[in-house]
Each structure stands twice: as C-alpha cells, then as structure tokens.
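See structure below.
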Amino acid sequence: MTAKLIDGKKIAQATRENLKKEVEELIEAGIKPGLAVILVGDNQASRTYVTSKQKSCKAIGMESILIELPESITENELLQHIEELNNRDDIHGILVQLPLPKHISDKKVIETISPEKDVDGFHPINIGKMMTGQDTFFPCTPFGIMEMLKYEGITIAGKNAVIVGRSNIVGKPMGQLLLNDNATVTYTHSKTKDLASCTKEADILVAAIGKAKMITSEYVKEGATVIDVGMNRDENGKLCGDVDFADVSNKAGHITPVPGGVGPMTITMLLYNTVKSAKNKLNHRNQE
Ligand code: NDP
C-alpha cells in the first residue's frame, strides 16, 4: 500500500472531544443539547444505526431520546409526533430514521421537521441554503467528508472532483459542498457513458454507489484522493466499500478505509449539527 490512510475514526474522535467541551459549556449556560430520533417499524439495520447514534450522543454528554413507533402508524400520526418535537424546547435536533414504510411519504416527513431542527440537513430550505452558499445544517455524510479532507490538509480549490452517485443524501450534496469550496465538480451515475474516463480525471474521487469493490485501480488517477462512502458486504459477508481497497491503495495518494473511514464521521457530524442547533438557540435567547 502506497496511499496515505485517512483515519476517519481518529478524526471523529478528535472532533467529538471538541464537541464534548462545547456541550459542557452549553450545559453551564443552561442548555443541554438534545436529539430526538424517531424509529418506525423493526428494521434491524435501522435499529443498529439508531442505537449507535444514541450512544454517541450520550458519550459527549448530550441528551438523546428515542421514539419507537409501530410499522402500522399512519402518516398523519407520525407527522403529529414530529410537530410535538418541533415545539419542544429541550429538543434541538430531530432525526427520522430512513427508510420509512411504503405508506409514508419521506418527502412529507422531511418537510414537516422544522428547518431549525433538521440536523440531517435534508429539508429543502436547508438544501437551498447550502446551494446558495449560506450557513446551515449540511447533510452529515458529505459534511463529514469535507471535514476529513480539511483535517488531512488536502487542497480542494481548483481540483477536479468526481462524484460517483447522485443520491439526495450523499452524491448531490457532496458535489455541492466541494463546489462551494471551489473544486471543479463532475457528477456521474448509472447512465454515465465510459465512467472510467471521467473518474480518471479526478484529483478527488468520491464513490457513493452501493456496489461492493466496484472502483478498481483502472478508475483511478495516480496520486488521487479516494473517498469511499459505500457500505456493502463482500462475497464472504464482510463489510466493504465501493472501492477495491487492496488494489486502489497502491495507486491513490490518500484513501479512506471501510470500516473506519466515512462512517464514524457521519455520526460525528450529526452530533455537530445538534450542538450547532443548541448554540443557535442560546444565541437567540441572549438576543431577546
Ligand atoms: P443510492 O442507492 O441512493 O444511490 C446510488 C447511486 O449510485 C445512484 O446515483 C446510482 O445512479 C449510482 N450507481 C449505481 N450503480 C452505478 C454504476 N454501475 N455506475 C455508476 N453509478 C452507479 O445510495 P446512497 O447514496 O444512499 O448510498 C451509497 C452507498 O453509501 C451505499 O453503499 C450506502 O450504504 C452507503 N452510505 C454510507 C454512509 C456512511 O455513513 N458511511 C451514509 C450513507 C450511505 P442512478 O442515480 O443513475 O441510479
């Protein structure tokens, strides 16, 4: 392996240490940051994510409440729960774990969360703010990747960034955040013709596809920074990314591992956004 490893676990830990201090300061000022997580139904993967988010909140001294609702809940009932949380003073962040049962509209749910408490950064108002270069809650996965690049001192301005994947939660906001920092951005997806010819132009390559080890060294320029968002199982059932790590790490300049790369930073930025929301609340209170 010749590439430098970007250690997401280490960067996440350093960021969480700072957040812990900010939480202490907020508590002293009379505000304990609180995150509410809504889990609908009994999806095992969702439950694992939610448990991990709650543990991480507690570890930095934040409050975290879990609202578990049955799969059979109606859309209206769910929206009412969100409204209640919007009105609660002790809750600064609201997260509804996706995916939701088919009879509930993701769009309606996301749009019901108050933009001031939308710590996932999925509300159209917050997406619009991000697109127009305003300060807001950025979606946690791409935001975490930006923090990793900055921590490693990787230059973004003027670089060619290529994103593989255009989902609303990862690919699209990833490109926007890189553009905001003056990268030249190319989005690619399943309809892209000759993907490798695009990705080989990348100084910064982000793979957010959901296809185990799809990105081999043929897709990568010598010395590129390769960020692997994918969380897949390989043929032996082992967790792996979208990047063929063993192959690409001999060609890339920097690379993130899976696990221990983007994943720990995603949860960290959820904590960051919730602390930010509590700080906003304190600022408002001080101005009153
Ligand atoms: P989606 O399934 O929503 O999007 C996948 C994207 O990849 C789509 O835009 C799709 O194109 C594109 N794609 C699929 N196949 C190809 C192909 N052969 N060539 C080029 N592009 C392709 O996934 P997400 O964005 O939600 O997640 C991506 C991966 O990241 C998953 O493995 C997920 O588990 C992981 N993930 C990890 C997180 C973390 O914290 N580590 C957080 C969130 C996600 P098209 O639009 O044309 O269909």
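Within each chain, counting starts at residue 1; across the structure tokens, chains are named A, B, ... in the order shown, with ligands numbered 1 upward in that order.
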
Within 10 Å of ligand 1 (counting only C-alpha atoms and all ligand atoms), which residues show up? I'd like them as a PyMOL selection string. chain A and resi 49+139-142+144-145+163-172+187-196+207-212+214-215+228-233+240-242+258-268

Could you write out that same residue set with C-alpha atoms as an mmCIF file, in the first residue's frame?
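Okay, this is what ended up in again_0.cif:
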```
data_model
loop_
_atom_site.group_PDB
_atom_site.id
_atom_site.type_symbol
_atom_site.label_atom_id
_atom_site.label_comp_id
_atom_site.auth_asym_id
_atom_site.auth_seq_id
_atom_site.Cartn_x
_atom_site.Cartn_y
_atom_site.Cartn_z
ATOM 1 C CA TYR A 49 -27.812 2.825 13.366
ATOM 2 C CA PRO A 139 -26.038 16.629 5.257
ATOM 3 C CA CYS A 140 -23.875 14.613 7.633
ATOM 4 C CA THR A 141 -22.071 12.205 5.286
ATOM 5 C CA PRO A 142 -20.741 14.769 2.780
ATOM 6 C CA GLY A 144 -18.008 14.631 7.386
ATOM 7 C CA ILE A 145 -16.033 14.037 4.190
ATOM 8 C CA ILE A 163 -18.598 12.029 -7.592
ATOM 9 C CA VAL A 164 -19.916 8.590 -8.487
ATOM 10 C CA GLY A 165 -23.548 8.525 -7.326
ATOM 11 C CA ARG A 166 -26.181 11.287 -7.248
ATOM 12 C CA SER A 167 -28.437 10.449 -4.308
ATOM 13 C CA ASN A 168 -30.042 13.326 -2.423
ATOM 14 C CA ILE A 169 -28.333 12.332 0.821
ATOM 15 C CA VAL A 170 -24.784 11.709 -0.395
ATOM 16 C CA GLY A 171 -23.817 12.299 -4.030
ATOM 17 C CA LYS A 172 -25.617 15.582 -4.777
ATOM 18 C CA TYR A 187 -21.326 14.112 -11.200
ATOM 19 C CA THR A 188 -21.523 10.584 -12.586
ATOM 20 C CA HIS A 189 -24.187 7.884 -12.175
ATOM 21 C CA SER A 190 -25.548 4.665 -13.625
ATOM 22 C CA LYS A 191 -26.282 6.279 -17.012
ATOM 23 C CA THR A 192 -22.804 7.791 -17.385
ATOM 24 C CA LYS A 193 -21.028 6.602 -20.521
ATOM 25 C CA ASP A 194 -17.443 5.411 -20.016
ATOM 26 C CA LEU A 195 -17.312 6.023 -16.283
ATOM 27 C CA ALA A 196 -13.588 5.256 -16.016
ATOM 28 C CA ALA A 207 -17.559 6.718 -4.541
ATOM 29 C CA ALA A 208 -21.154 6.657 -3.228
ATOM 30 C CA ILE A 209 -22.628 3.827 -5.258
ATOM 31 C CA GLY A 210 -23.566 0.837 -3.102
ATOM 32 C CA LYS A 211 -21.672 -1.716 -5.251
ATOM 33 C CA ALA A 212 -19.020 -3.751 -3.457
ATOM 34 C CA MET A 214 -16.626 -1.627 -7.995
ATOM 35 C CA ILE A 215 -13.933 1.068 -8.161
ATOM 36 C CA ASP A 228 -15.198 5.506 -0.149
ATOM 37 C CA VAL A 229 -18.745 6.056 1.122
ATOM 38 C CA GLY A 230 -20.047 2.576 0.296
ATOM 39 C CA MET A 231 -21.157 0.134 2.967
ATOM 40 C CA ASN A 232 -21.602 -3.269 1.417
ATOM 41 C CA ARG A 233 -20.991 -6.935 2.169
ATOM 42 C CA CYS A 240 -16.564 -3.490 2.460
ATOM 43 C CA GLY A 241 -16.783 -0.262 0.479
ATOM 44 C CA ASP A 242 -17.423 0.649 -3.148
ATOM 45 C CA VAL A 258 -14.200 0.739 5.196
ATOM 46 C CA PRO A 259 -14.906 0.358 8.050
ATOM 47 C CA GLY A 260 -13.218 3.210 9.928
ATOM 48 C CA GLY A 261 -13.445 5.889 7.238
ATOM 49 C CA VAL A 262 -16.533 7.880 6.334
ATOM 50 C CA GLY A 263 -18.900 6.019 8.723
ATOM 51 C CA PRO A 264 -17.605 7.389 12.061
ATOM 52 C CA MET A 265 -17.566 10.914 10.640
ATOM 53 C CA THR A 266 -21.223 10.725 9.563
ATOM 54 C CA ILE A 267 -22.442 10.245 13.143
ATOM 55 C CA THR A 268 -19.964 12.856 14.381
#
```

Backbone DSSP call of strand (DSSP E) for stretch 54-210 of chain A, listed as a PDB file with N, CA and C atoms, in the first residue's frame:
```pdb
ATOM      1  N   GLU A  63     -28.278  14.969  25.466  1.00  0.00           N
ATOM      2  CA  GLU A  63     -29.492  14.210  25.746  1.00  0.00           C
ATOM      3  C   GLU A  63     -29.936  13.555  24.435  1.00  0.00           C
ATOM      4  N   SER A  64     -30.462  12.360  24.539  1.00  0.00           N
ATOM      5  CA  SER A  64     -30.954  11.718  23.321  1.00  0.00           C
ATOM      6  C   SER A  64     -32.195  10.924  23.666  1.00  0.00           C
ATOM      7  N   ILE A  65     -33.268  11.181  22.940  1.00  0.00           N
ATOM      8  CA  ILE A  65     -34.473  10.389  23.210  1.00  0.00           C
ATOM      9  C   ILE A  65     -34.847   9.592  21.959  1.00  0.00           C
ATOM     10  N   LEU A  66     -35.358   8.411  22.207  1.00  0.00           N
ATOM     11  CA  LEU A  66     -35.764   7.535  21.093  1.00  0.00           C
ATOM     12  C   LEU A  66     -37.278   7.375  21.136  1.00  0.00           C
ATOM     13  N   ILE A  67     -37.915   7.638  19.998  1.00  0.00           N
ATOM     14  CA  ILE A  67     -39.365   7.428  19.921  1.00  0.00           C
ATOM     15  C   ILE A  67     -39.589   6.275  18.946  1.00  0.00           C
ATOM     16  N   GLU A  68     -40.038   5.166  19.502  1.00  0.00           N
ATOM     17  CA  GLU A  68     -40.248   3.979  18.659  1.00  0.00           C
ATOM     18  C   GLU A  68     -41.719   3.878  18.298  1.00  0.00           C
ATOM     19  N   LEU A  69     -41.991   3.771  17.013  1.00  0.00           N
ATOM     20  CA  LEU A  69     -43.372   3.729  16.553  1.00  0.00           C
ATOM     21  C   LEU A  69     -43.588   2.466  15.717  1.00  0.00           C
ATOM     22  N   GLY A  93     -32.479  18.834  17.896  1.00  0.00           N
ATOM     23  CA  GLY A  93     -32.329  18.123  16.629  1.00  0.00           C
ATOM     24  C   GLY A  93     -33.350  17.013  16.523  1.00  0.00           C
ATOM     25  N   ILE A  94     -33.933  16.852  15.309  1.00  0.00           N
ATOM     26  CA  ILE A  94     -34.910  15.771  15.080  1.00  0.00           C
ATOM     27  C   ILE A  94     -34.431  14.953  13.884  1.00  0.00           C
ATOM     28  N   LEU A  95     -34.426  13.657  14.084  1.00  0.00           N
ATOM     29  CA  LEU A  95     -33.987  12.783  13.003  1.00  0.00           C
ATOM     30  C   LEU A  95     -35.005  11.661  12.858  1.00  0.00           C
ATOM     31  N   VAL A  96     -35.516  11.483  11.666  1.00  0.00           N
ATOM     32  CA  VAL A  96     -36.400  10.347  11.416  1.00  0.00           C
ATOM     33  C   VAL A  96     -35.585   9.337  10.610  1.00  0.00           C
ATOM     34  N   ASN A 160     -10.013  18.856  -9.589  1.00  0.00           N
ATOM     35  CA  ASN A 160     -11.108  18.146 -10.252  1.00  0.00           C
ATOM     36  C   ASN A 160     -11.684  17.137  -9.275  1.00  0.00           C
ATOM     37  N   ALA A 161     -12.962  17.314  -8.936  1.00  0.00           N
ATOM     38  CA  ALA A 161     -13.622  16.354  -8.044  1.00  0.00           C
ATOM     39  C   ALA A 161     -14.665  15.598  -8.857  1.00  0.00           C
ATOM     40  N   VAL A 162     -14.642  14.287  -8.784  1.00  0.00           N
ATOM     41  CA  VAL A 162     -15.640  13.477  -9.492  1.00  0.00           C
ATOM     42  C   VAL A 162     -16.402  12.657  -8.445  1.00  0.00           C
ATOM     43  N   ILE A 163     -17.736  12.760  -8.522  1.00  0.00           N
ATOM     44  CA  ILE A 163     -18.598  12.029  -7.592  1.00  0.00           C
ATOM     45  C   ILE A 163     -19.257  10.898  -8.366  1.00  0.00           C
ATOM     46  N   VAL A 164     -19.163   9.690  -7.878  1.00  0.00           N
ATOM     47  CA  VAL A 164     -19.916   8.590  -8.487  1.00  0.00           C
ATOM     48  C   VAL A 164     -21.120   8.334  -7.584  1.00  0.00           C
ATOM     49  N   THR A 184     -13.717  21.878  -9.137  1.00  0.00           N
ATOM     50  CA  THR A 184     -14.451  21.722 -10.404  1.00  0.00           C
ATOM     51  C   THR A 184     -15.097  20.348 -10.336  1.00  0.00           C
ATOM     52  N   VAL A 185     -16.445  20.338 -10.331  1.00  0.00           N
ATOM     53  CA  VAL A 185     -17.144  19.098  -9.951  1.00  0.00           C
ATOM     54  C   VAL A 185     -17.818  18.411 -11.141  1.00  0.00           C
ATOM     55  N   THR A 186     -17.650  17.104 -11.224  1.00  0.00           N
ATOM     56  CA  THR A 186     -18.378  16.283 -12.205  1.00  0.00           C
ATOM     57  C   THR A 186     -19.183  15.234 -11.449  1.00  0.00           C
ATOM     58  N   TYR A 187     -20.475  15.163 -11.782  1.00  0.00           N
ATOM     59  CA  TYR A 187     -21.326  14.112 -11.200  1.00  0.00           C
ATOM     60  C   TYR A 187     -21.429  12.961 -12.203  1.00  0.00           C
ATOM     61  N   THR A 188     -21.295  11.741 -11.719  1.00  0.00           N
ATOM     62  CA  THR A 188     -21.523  10.584 -12.586  1.00  0.00           C
ATOM     63  C   THR A 188     -22.525   9.653 -11.905  1.00  0.00           C
ATOM     64  N   ILE A 204      -9.874  14.350  -6.723  1.00  0.00           N
ATOM     65  CA  ILE A 204     -10.628  13.861  -5.564  1.00  0.00           C
ATOM     66  C   ILE A 204     -11.775  13.009  -6.114  1.00  0.00           C
ATOM     67  N   LEU A 205     -11.782  11.747  -5.770  1.00  0.00           N
ATOM     68  CA  LEU A 205     -12.812  10.833  -6.276  1.00  0.00           C
ATOM     69  C   LEU A 205     -13.653  10.338  -5.098  1.00  0.00           C
ATOM     70  N   VAL A 206     -14.974  10.555  -5.187  1.00  0.00           N
ATOM     71  CA  VAL A 206     -15.863  10.088  -4.114  1.00  0.00           C
ATOM     72  C   VAL A 206     -16.768   9.001  -4.680  1.00  0.00           C
ATOM     73  N   ALA A 207     -16.719   7.827  -4.088  1.00  0.00           N
ATOM     74  CA  ALA A 207     -17.559   6.718  -4.541  1.00  0.00           C
ATOM     75  C   ALA A 207     -18.717   6.547  -3.573  1.00  0.00           C
TER      76      ALA A 207
END
```

Do a neighbour search on stretch 176-181 of chain A at 7 Å with only C-alpha atoms, toss out local chain neighbours closer than 2 positions, and write the hits as a ChimeraX atom specification. /A:131,133,156-157,172-174,183-185

So that I have them on file, write out the residues from the current selection with C-alpha atoms, as a PDB file, in the first residue's frame.
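So out-v2.pdb came out as:
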```pdb
ATOM      1  CA  MET A 131     -26.755  25.590  -2.700  1.00  0.00           C
ATOM      2  CA  GLY A 133     -23.581  29.226  -0.074  1.00  0.00           C
ATOM      3  CA  ILE A 156      -9.915  21.434  -2.703  1.00  0.00           C
ATOM      4  CA  ALA A 157      -9.873  24.751  -4.607  1.00  0.00           C
ATOM      5  CA  LYS A 172     -25.617  15.582  -4.777  1.00  0.00           C
ATOM      6  CA  PRO A 173     -24.742  17.428  -1.549  1.00  0.00           C
ATOM      7  CA  MET A 174     -21.173  16.091  -1.781  1.00  0.00           C
ATOM      8  CA  ALA A 183     -13.496  22.421  -6.788  1.00  0.00           C
ATOM      9  CA  THR A 184     -14.451  21.722 -10.404  1.00  0.00           C
ATOM     10  CA  VAL A 185     -17.144  19.098  -9.951  1.00  0.00           C
TER      11      VAL A 185
END
```

Which residues, written as an MDAnalysis selection string, have at least one atom at most 12 Å from A:Asn126, with only C-alpha atoms counted and residues fewer than 5 positions away on the same chain left out? chainID A and resid 110:111 113:121 131:139 173

Just the selected residues (N, CA and C atoms), exported as an mmCIF file, in the first residue's frame, please.
```cif
data_model
loop_
_atom_site.group_PDB
_atom_site.id
_atom_site.type_symbol
_atom_site.label_atom_id
_atom_site.label_comp_id
_atom_site.auth_asym_id
_atom_site.auth_seq_id
_atom_site.Cartn_x
_atom_site.Cartn_y
_atom_site.Cartn_z
ATOM 1 N N ILE A 110 -39.831 14.778 5.872
ATOM 2 C CA ILE A 110 -38.667 15.673 5.888
ATOM 3 C C ILE A 110 -39.141 17.138 5.932
ATOM 4 N N GLU A 111 -40.197 17.433 5.179
ATOM 5 C CA GLU A 111 -40.664 18.822 5.121
ATOM 6 C C GLU A 111 -41.418 19.249 6.380
ATOM 7 N N ILE A 113 -40.321 18.426 9.479
ATOM 8 C CA ILE A 113 -39.307 18.742 10.501
ATOM 9 C C ILE A 113 -38.955 20.223 10.369
ATOM 10 N N SER A 114 -38.949 20.926 11.497
ATOM 11 C CA SER A 114 -38.604 22.346 11.451
ATOM 12 C C SER A 114 -37.183 22.504 10.892
ATOM 13 N N PRO A 115 -36.973 23.398 9.905
ATOM 14 C CA PRO A 115 -35.620 23.574 9.355
ATOM 15 C C PRO A 115 -34.591 23.912 10.433
ATOM 16 N N GLU A 116 -35.043 24.540 11.531
ATOM 17 C CA GLU A 116 -34.114 24.881 12.638
ATOM 18 C C GLU A 116 -33.672 23.646 13.419
ATOM 19 N N LYS A 117 -34.413 22.526 13.253
ATOM 20 C CA LYS A 117 -34.055 21.303 13.997
ATOM 21 C C LYS A 117 -33.668 20.165 13.047
ATOM 22 N N ASP A 118 -33.510 20.493 11.784
ATOM 23 C CA ASP A 118 -33.247 19.482 10.742
ATOM 24 C C ASP A 118 -31.757 19.146 10.705
ATOM 25 N N VAL A 119 -31.301 18.402 11.718
ATOM 26 C CA VAL A 119 -29.862 18.146 11.855
ATOM 27 C C VAL A 119 -29.321 17.148 10.826
ATOM 28 N N ASP A 120 -30.214 16.494 10.067
ATOM 29 C CA ASP A 120 -29.774 15.659 8.946
ATOM 30 C C ASP A 120 -29.465 16.520 7.721
ATOM 31 N N GLY A 121 -29.993 17.746 7.721
ATOM 32 C CA GLY A 121 -29.757 18.653 6.589
ATOM 33 C C GLY A 121 -30.480 18.251 5.310
ATOM 34 N N MET A 131 -27.016 25.324 -1.283
ATOM 35 C CA MET A 131 -26.755 25.590 -2.700
ATOM 36 C C MET A 131 -26.410 27.047 -2.957
ATOM 37 N N THR A 132 -26.924 27.926 -2.095
ATOM 38 C CA THR A 132 -26.643 29.347 -2.301
ATOM 39 C C THR A 132 -25.520 29.836 -1.388
ATOM 40 N N GLY A 133 -24.784 28.883 -0.841
ATOM 41 C CA GLY A 133 -23.581 29.226 -0.074
ATOM 42 C C GLY A 133 -23.841 29.832 1.293
ATOM 43 N N GLN A 134 -25.047 29.585 1.846
ATOM 44 C CA GLN A 134 -25.354 30.129 3.172
ATOM 45 C C GLN A 134 -25.027 29.100 4.254
ATOM 46 N N ASP A 135 -24.829 29.621 5.467
ATOM 47 C CA ASP A 135 -24.555 28.736 6.584
ATOM 48 C C ASP A 135 -25.849 28.008 6.971
ATOM 49 N N THR A 136 -25.755 26.705 7.172
ATOM 50 C CA THR A 136 -26.942 25.922 7.529
ATOM 51 C C THR A 136 -26.499 24.562 8.051
ATOM 52 N N PHE A 137 -27.444 23.631 8.234
ATOM 53 C CA PHE A 137 -27.058 22.258 8.566
ATOM 54 C C PHE A 137 -26.752 21.527 7.258
ATOM 55 N N PHE A 138 -25.524 21.046 7.117
ATOM 56 C CA PHE A 138 -25.171 20.301 5.910
ATOM 57 C C PHE A 138 -25.422 18.814 6.148
ATOM 58 N N PRO A 139 -25.832 18.074 5.092
ATOM 59 C CA PRO A 139 -26.038 16.629 5.257
ATOM 60 C C PRO A 139 -24.772 15.948 5.808
ATOM 61 N N PRO A 173 -25.336 16.441 -2.468
ATOM 62 C CA PRO A 173 -24.742 17.428 -1.549
ATOM 63 C C PRO A 173 -23.215 17.364 -1.508
#
```

Which one of A:Val23, A:Leu282, A:Met62, A:Met148 sits closest to A:Ile11 if you count only C-alpha atoms?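 For A:Ile11, the nearest of the candidates is A:Met148.
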
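Here the question is which of A:Cys57, A:Ala29, A:Val220, A:Ala246 gets nearest to A:Val275 using only C-alpha atoms, and that residue is A:Cys57.
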
Write down as a ChimeraX atom specification the residues of stretch 62-246 of chain A whose backbone DSSP state falls under alpha helix (DSSP H). /A:75-86,106-112,124-131,140-151,171-180,195-199,245-246

Could you please determine the separation between atom CA of A:Glu17 and atom CA of A:Phe143 in Å, to one decimal place?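 Atom CA of A:Phe143 lies 17.8 Å from atom CA of A:Glu17.
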